[in-house]
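Below is one structure, written out as structure tokens; the observations come after it.
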There are 2 protein chains.
Amino acid sequence: MVTIKDIAKLANVSHTTVSRALNNSPLIKEPTKKKILEIAAQMNYTPNFNAKSLVKQKSYTIGLFYTSISNGTSPSFFADTLKGVNSVISQEYNLFVRGIDDYSDYSSIGRQRYDGILLMSQSVNDNAFIYHVMEKNIPFVVLNRDIEEKNIINILSDDKEGARQAVEYLIEHGHSDIAIIEGKQGFKSSQQRKEGYISALIQHGIQIRSEYSASGNYDMESGYRAMEQLLSLNTRPTAVFCSNDDMAIGAMNAIFANELKVPDDVSVVGFDDIGFAQYTMPRLTTVKRPVEQISVEGAKKLLSLLNGNEQRKEKILANTELMIRDSVKTLAKC
Amino acid sequence: MVTIKDIAKLANVSHTTVSRALNNSPLIKEPTKKKILEIAAQMNYTPNFNAKSLVKQKSYTIGLFYTSISNGTSPSFFADTLKGVNSVISQEYNLFVRGIDDYSDYSSIGRQRYDGILLMSQSVNDNAFIYHVMEKNIPFVVLNRDIEEKNIINILSDDKEGARQAVEYLIEHGHSDIAIIEGKQGFKSSQQRKEGYISALIQHGIQIRSEYSASGNYDMESGYRAMEQLLSLNTRPTAVFCSNDDMAIGAMNAIFANELKVPDDVSVVGFDDIGFAQYTMPRLTTVKRPVEQISVEGAKKLLSLLNGNEQRKEKILANTELMIRDSVKTLAKC
DNA sequence: AAGTAGAATGTTCACGTTAACAAAAGGAAG
DNA sequence: CTTCCTTTTGTTAACGTGAACATTCTACTT
């Protein structure tokens with residue numbers, strides 16, 4: 001392995017001069033710098049990041065942590081977040097990916113190893129990890145999940161507004177018998193999506209009917225069951241807002257199973273815009289959560305923090321986008 | 001930051017003794033070791049991996065490289081491979097993730113930075129990277145894509161056999177007018193899946209008809225177009241083997257668009273078993289590529305290599321599995 | 001009791017880099 | 001030509017750890 005000392009010998013200067021030249025220090029005369037740079041290139045020199053890290057007390061490493069890599073994280077979430085973060089991180093930084101549940105204890109997670117941490121949080125269970133990171137004084141950003149705690153940079157999508165818009169879209173297309181299939185009990189996201197649903201109804205003066213609220217837990221199967229329950233009502237809803245796409249797919253299957261059609265008999269709207277939403281039959285109208293954008297913003301924020309720019313420790317809401325496809329029917333307004 | 005020297009002072013021993021105790025050296029007396037370990041735990045000591053790396057000439061980092069993170073890699077592929085690798089890598093190692101196309105030059109990729117490299121290869125364009133890694137003498141394993149080169153550890157699924165089994169399954173269910181929608185021209189995988197298709201037909205004495213070969217390029221749209229072409233034939237095939245699931249979904253859409261039904265009018269089989277295959281209507285029968293298993297095997301192989309166990313530089317084929325769902329109809333044999 | 005082998009611990013140095021301080025070289029002013 | 005800055009370069013130490021070699025301590029043999 002070629003080191004700066006090797007270069008120094010060849011260039012007939014001290015290794016410090018080489019170091020300075022490579023780091024583009026203004027202290028070095030142009031011709032000297034040029035000569036050194038040439039030799040370095042010729043010798044195929046690669047800096048040793050470990051040595052650099054050791055002396056600079058910086059790891060040049062950013063940790064990207066998920067709640068879990070093995071359990072529950074949806075494929076498209078991985079792909080989108082990784083894409084987003086990856087596009088921002090410069091070559092100077094290493095990107096390390098791990099699941100929080102891979103660790104039995106967090107002792108190996110310290111400042112020396114990570115300059116900063118991006119946490120794609122999907123569960124309240126992550127809080128222990130968050131406290132550890134705060135305690136260790138590692139710069140970090142929490143993405144995707146709403147953290148109650150103040151003084152944390154927290155970027156997530158505005159689920160309430162997204163849900164409101166989706167339901168408003170249904171109303172504008174003539175629906176007023178609109179049901180909701182709720183997300184997992186106790187999840188902040190479930191609550192906010194429901195709030196959006198309610199807010200849209202109120203805003204348009206539509207009465208809220210408790211029998212139009214069916215509970216689910218974010219998986220397909222629960223969407224199916226919730227839909228069956230809704231279909232068995234005396235006055236069947238003409239449209240259903242599902243708190244995520246998986247449940248929407250389950251709901252659509254339940255509708256088909258009852259020999260009804262989407263959107264002719266029942267309109268369906270989802271939430272998330274998973275990759276598969278455009279491959280369903282019919283293609284699913286849904287609320288796109290800007291996961292990739294959140295990742296990009298989060299990574300940028302973190303990098304800026306690492307560069308010493310003070311950031312406001314605030315919550316940032318990213319806008320959702322309604323992806324209009326084919327699962328909603330326009331009703332003639334009565 | 002607490003270092004072994006701090007511990008040494010408190011324990012009234014030399015820092016080397018601490019180092020040995022922490023590394024569980026047999027040279028240290030039990031009571032001393034115990035005392036040191038206790039103090040370390042109490043002080044919340046975290047080893048500095050940079051210093052360790054520097055002196056041991058080891059980076060404790062495994063690079064997981066994809067052909068691209070931004071382009072073309074399917075979400076489920078990310079998720080499955082990451083899961084697989086992650087489950088094997090011990091806490092001792094860092095997992096570094098990047099796309100090859102993130103690099104304009106490979107100069108920063110050297111032995112000091114990576115103890116070993118896992119390459120999830122999806123394109124011939126990766127070859128330049130492979131040569132670089134070989135030249136730098138970094139231990140590595142190529143996964144997923146068939147590499148012609150000898151003397152490379154190369155783990156991939158047995159696509160030919162998988163395709164053969166799928167087509168055989170169609171034949172066993174009474175089909176003999178079986179078409180194929182081929183994968184992207186020039187891809188090794190396309191070729192091997194087609195070979196499997198042909199081999200099954202020959203084996204069962206079924207004549208190969210050139211008009212039953214439609215070309216595609218692995219995306220939905222191409223599957224749709226290929227299927228339309230097949231449907232326009234005088235003697236429509238009763239079953240279609242699609243070289244991947246995306247094209248199978250496209251093909252199913254084409255069948256529906258022509259007011260035909262899957263599987264009643266045409267049976268469809270896919271390849272890959274993407275997550276969505278079980279959510280299609282009807283659920284897609286397909287060949288599951290053991291992506292996660294390949295990742296696990298590859299990571300194990302690499303770790304074993306890093307631990308100094310010589311590995312045979314060979315090609316390993318992993319078995320596919322036919323996922324039987326609802327997109328194939330049993331025909332009465334004539 | 002002395003000698004000795006072996007176990008346990010300590011000293012010193014090295015890894016490759018940057019930083020603090022030191023020194024030399026060059027140039028301007030008197 | 002001194003003297004004194006300023007610019008450029010060099011010397012030395014430090015980061016935290018592990019390894020080679022050195023030393024001390026123990027326990028056993030004679």
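By convention in this document, the chains of the structure tokens carry letters A, B, ... by their order, each chain's residues are numbered from 1, and ligands are numbered from 1 in the order they are shown.
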(message) Report as a ChimeraX atom specification all protein, DNA and RNA residues lying within 10 Å of DA25 in chain C, evaluated on only C-alpha atoms (C1' of nucleotides), omitting residues in the same chain fewer than 3 positions from it.
(response) /D:7-9
(request) Residues of chain A near chain D: apply a cut-off of 7 Å, count only C-alpha atoms (C1' of nucleotides), and supply the list as an MDAnalysis selection string. (result) chainID A and resid 14 17 27:28 54:55
Atoms to include: all heavy atoms. Write the selected residues as a CSV table (one decimal), in the first residue's frame.
```csv
chain,number,residue,atom,x,y,z
A,14,SER,N,8.9,16.6,2.7
A,14,SER,CA,8.4,15.9,3.9
A,14,SER,C,7.0,15.4,3.7
A,14,SER,O,6.3,15.8,2.9
A,14,SER,CB,8.5,16.8,5.1
A,14,SER,OG,7.4,17.7,5.0
A,17,THR,N,4.3,17.9,3.9
A,17,THR,CA,4.1,18.7,2.7
A,17,THR,C,3.2,18.0,1.7
A,17,THR,O,2.3,18.5,1.1
A,17,THR,CB,5.4,19.0,2.0
A,17,THR,OG1,6.3,19.6,2.9
A,17,THR,CG2,5.3,19.8,0.8
A,27,LEU,N,-0.9,26.8,1.8
A,27,LEU,CA,0.5,27.0,2.3
A,27,LEU,C,1.5,26.5,1.3
A,27,LEU,O,2.7,26.8,1.4
A,27,LEU,CB,0.7,26.3,3.6
A,27,LEU,CG,-0.1,26.9,4.8
A,27,LEU,CD1,0.1,26.0,6.0
A,27,LEU,CD2,0.4,28.3,5.1
A,28,ILE,N,1.1,25.7,0.4
A,28,ILE,CA,2.1,25.0,-0.5
A,28,ILE,C,2.2,25.8,-1.8
A,28,ILE,O,1.2,26.2,-2.4
A,28,ILE,CB,1.6,23.6,-0.8
A,28,ILE,CG1,1.4,22.8,0.5
A,28,ILE,CG2,2.7,22.9,-1.6
A,28,ILE,CD1,2.7,22.5,1.3
A,54,LEU,N,-8.7,8.5,12.6
A,54,LEU,CA,-8.2,8.4,13.9
A,54,LEU,C,-7.7,9.8,14.4
A,54,LEU,O,-8.0,10.2,15.5
A,54,LEU,CB,-7.0,7.5,13.9
A,54,LEU,CG,-6.4,7.1,15.3
A,54,LEU,CD1,-7.4,6.6,16.2
A,54,LEU,CD2,-5.2,6.1,15.1
A,55,VAL,N,-7.0,10.5,13.5
A,55,VAL,CA,-6.4,11.7,13.9
A,55,VAL,C,-7.4,12.9,13.9
A,55,VAL,O,-7.4,13.8,14.7
A,55,VAL,CB,-5.1,12.1,13.1
A,55,VAL,CG1,-5.5,12.2,11.7
A,55,VAL,CG2,-4.4,13.3,13.6
```
(message) I need the contact residues of chain B against chain C, so if you could list those with any atom within 12 Å, counting only C-alpha atoms (C1' of nucleotides), and return them as a PyMOL selection string, that would help.
(response) chain B and resi 8+12-21+25-33+50-58+112
Please produce a file of the residues just selected, as a compact mmCIF listing (two decimals), in the first residue's frame, where the atoms kept are C-alpha atoms.
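Produced file part.txt, reproduced below:
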```txt
# COMPACT_ATOMS: atom_id res chain seq x y z
CA ALA B 8 -5.57 0.81 32.37
CA ASN B 12 -3.62 -0.18 37.65
CA VAL B 13 -2.30 -2.25 34.78
CA SER B 14 -0.74 -1.46 31.41
CA HIS B 15 -2.89 -0.65 28.44
CA THR B 16 -1.66 -3.79 26.74
CA THR B 17 -3.07 -5.88 29.54
CA VAL B 18 -6.37 -4.15 29.01
CA SER B 19 -6.18 -4.79 25.31
CA ARG B 20 -5.50 -8.44 25.93
CA ALA B 21 -8.26 -8.75 28.47
CA SER B 25 -6.42 -13.45 25.45
CA PRO B 26 -5.46 -16.61 27.37
CA LEU B 27 -2.37 -14.84 28.61
CA ILE B 28 -4.32 -12.92 31.21
CA LYS B 29 -5.17 -14.33 34.63
CA GLU B 30 -8.86 -14.77 35.20
CA PRO B 31 -9.25 -12.35 38.12
CA THR B 32 -7.38 -9.60 36.26
CA LYS B 33 -9.45 -10.15 33.17
CA ASN B 50 -10.37 3.20 13.33
CA ALA B 51 -7.40 2.62 15.57
CA LYS B 52 -8.02 -1.08 15.44
CA SER B 53 -8.28 -1.02 11.69
CA LEU B 54 -5.14 0.99 11.37
CA VAL B 55 -2.97 -1.35 13.33
CA LYS B 56 -4.60 -4.56 12.14
CA GLN B 57 -4.71 -3.51 8.52
CA LYS B 58 -8.31 -4.60 8.44
CA GLN B 112 -7.85 -0.74 3.17
```
(message) With only C-alpha atoms (C1' of nucleotides) as the counted atoms, please give the residues lying no more than 7 Å from range 77-79 of chain A, apart from itself and same-chain residues fewer than 3 positions off, as a list in words.
(response)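 Once the adjacent positions are removed, what remains is Thr73, Ser74, Leu82 and Lys83 of chain A; Pro75, Phe78 and Ala79 of chain B.
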Next, write the just-selected residues to a file, as a short mmCIF file (atom, residue, chain, number, x, y, z; two decimals), in the first residue's frame, keeping N, CA, C and O atoms as the atom set.
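again29.cif written:
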```
data_model
loop_
_atom_site.label_atom_id
_atom_site.label_comp_id
_atom_site.auth_asym_id
_atom_site.auth_seq_id
_atom_site.Cartn_x
_atom_site.Cartn_y
_atom_site.Cartn_z
N THR A 73 -40.41 -4.26 7.09
CA THR A 73 -40.13 -3.13 6.21
C THR A 73 -40.48 -3.53 4.78
O THR A 73 -40.04 -4.57 4.31
N SER A 74 -41.29 -2.70 4.12
CA SER A 74 -41.72 -3.10 2.79
C SER A 74 -40.61 -2.85 1.78
O SER A 74 -39.83 -1.91 1.92
N LEU A 82 -33.32 4.21 0.34
CA LEU A 82 -31.92 4.00 -0.01
C LEU A 82 -31.55 4.87 -1.20
O LEU A 82 -30.51 5.53 -1.23
N LYS A 83 -32.44 4.88 -2.16
CA LYS A 83 -32.22 5.74 -3.34
C LYS A 83 -32.05 7.18 -2.93
O LYS A 83 -31.14 7.87 -3.35
N PRO B 75 -37.43 -3.05 -6.20
CA PRO B 75 -37.53 -2.91 -4.75
C PRO B 75 -37.38 -4.23 -4.01
O PRO B 75 -36.66 -4.32 -3.03
N PHE B 78 -33.77 -5.40 -3.76
CA PHE B 78 -33.08 -4.71 -2.67
C PHE B 78 -33.38 -5.35 -1.35
O PHE B 78 -32.51 -5.72 -0.57
N ALA B 79 -34.66 -5.44 -1.08
CA ALA B 79 -35.09 -5.90 0.23
C ALA B 79 -34.59 -7.30 0.50
O ALA B 79 -34.00 -7.56 1.55
#
```
(request) Dump as number ranges by chain the residues of chain A that approach chain B to within 9 Å, counting only C-alpha atoms. (result) A: 1, 44-54, 59, 69-71, 73-80, 82-84, 86-87, 91, 94-99, 102-103, 107-113, 249-250, 253, 275-276, 279-281
(message) When you look at range 124-126 of chain A with a cut-off of 12 Å (counting only C-alpha atoms (C1' of nucleotides)), what residues show up, excluding the ones that are within fewer than 6 positions of it in the same chain? I need them as a list of chain:residue names.
(response) A:Phe65, A:Tyr66, A:Thr67, A:Ser68, A:Gly99, A:Ile100, A:Asp101, A:Tyr103, A:Tyr106, A:His132, A:Val133, A:Val142, A:Leu143, A:Asn144, A:Arg145, A:Asp146, A:Ile147, A:Glu148, A:Glu149, A:Gly186, A:Phe187, A:Lys188, A:Ser189
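A straight line drawn from CA of Ala214 in chain A to CA of Thr330 in chain A is 23.4 Å long.
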Leaving out Tyr218 in chain B and any residue of its chain fewer than 5 positions from it, which residues lie within 7 Å of it when counting only C-alpha atoms (C1' of nucleotides), given as a compact mmCIF listing (two decimals) with N, CA and C atoms, in the first residue's frame?
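The resulting file, part_4.txt, is reproduced below:
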```txt
# COMPACT_ATOMS: atom_id res chain seq x y z
N GLY B 183 -36.96 -12.76 -22.32
CA GLY B 183 -36.40 -11.61 -21.61
C GLY B 183 -35.54 -10.76 -22.52
N LYS B 184 -34.87 -9.82 -21.93
CA LYS B 184 -34.09 -8.85 -22.69
C LYS B 184 -33.00 -9.53 -23.52
N ASN B 244 -40.17 -13.18 -16.94
CA ASN B 244 -40.18 -12.64 -15.57
C ASN B 244 -41.59 -12.21 -15.18
N ASP B 246 -42.80 -9.29 -14.12
CA ASP B 246 -43.29 -8.01 -14.65
C ASP B 246 -43.96 -8.22 -16.00
N MET B 247 -43.30 -8.98 -16.85
CA MET B 247 -43.89 -9.24 -18.17
C MET B 247 -45.14 -10.09 -18.04
```
(message) Using Å and a single decimal, report how far CA of Thr285 in chain A sits from CA of Tyr169 in chain A.
(response) 10.3 Å
(request) From the DSSP assignment of the backbone, select every residue of range 141-309 of chain B that is strand (DSSP E), and format the answer as a ChimeraX atom specification. (result) /B:141-143,154-157,178-181,213-214,239-242,267-272,285-288
(request) Calculate how many Å separate CA of Glu182 in chain A from CA of Leu230 in chain A, rounding to one decimal. (result)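 Straight-line distance from CA of Glu182 in chain A to CA of Leu230 in chain A works out to 12.2 Å.
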(message) From a backbone DSSP assignment, name each residue in range 115-326 of chain B labelled alpha helix (DSSP H), as a ChimeraX atom specification.
(response) /B:127-135,159-172,188-203,220-231,245-257,291-306
(message) Can you pull out the residues contacting Thr238 in chain B? Cut-off 12 Å, using only C-alpha atoms (C1' of nucleotides), and skip same-chain residues under 6 positions away; I want them as a PyMOL selection string.
(response) chain B and resi 170-171+173-180+212+227+230-231+255+260-269+327-331
(request) Kindly indicate which residue among A:Ser232, A:Ser213, A:Gln122, A:Ser157 lies nearest to Leu317 in chain A, using only C-alpha atoms for the distances. (result)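 Between A:Ser232, A:Ser213, A:Gln122, A:Ser157, the residue approaching Leu317 in chain A most closely is A:Ser157.
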(message) If we count only C-alpha atoms (C1' of nucleotides) and set the cut-off at 12 Å, which residues sit around Asp159 in chain B, ignoring sequence neighbours fewer than 2 positions away in its own chain? Please answer as a PyMOL selection string.
(response) chain B and resi 144-146+155-157+161-166+188-197+243-244+271-272+287-291+317-322
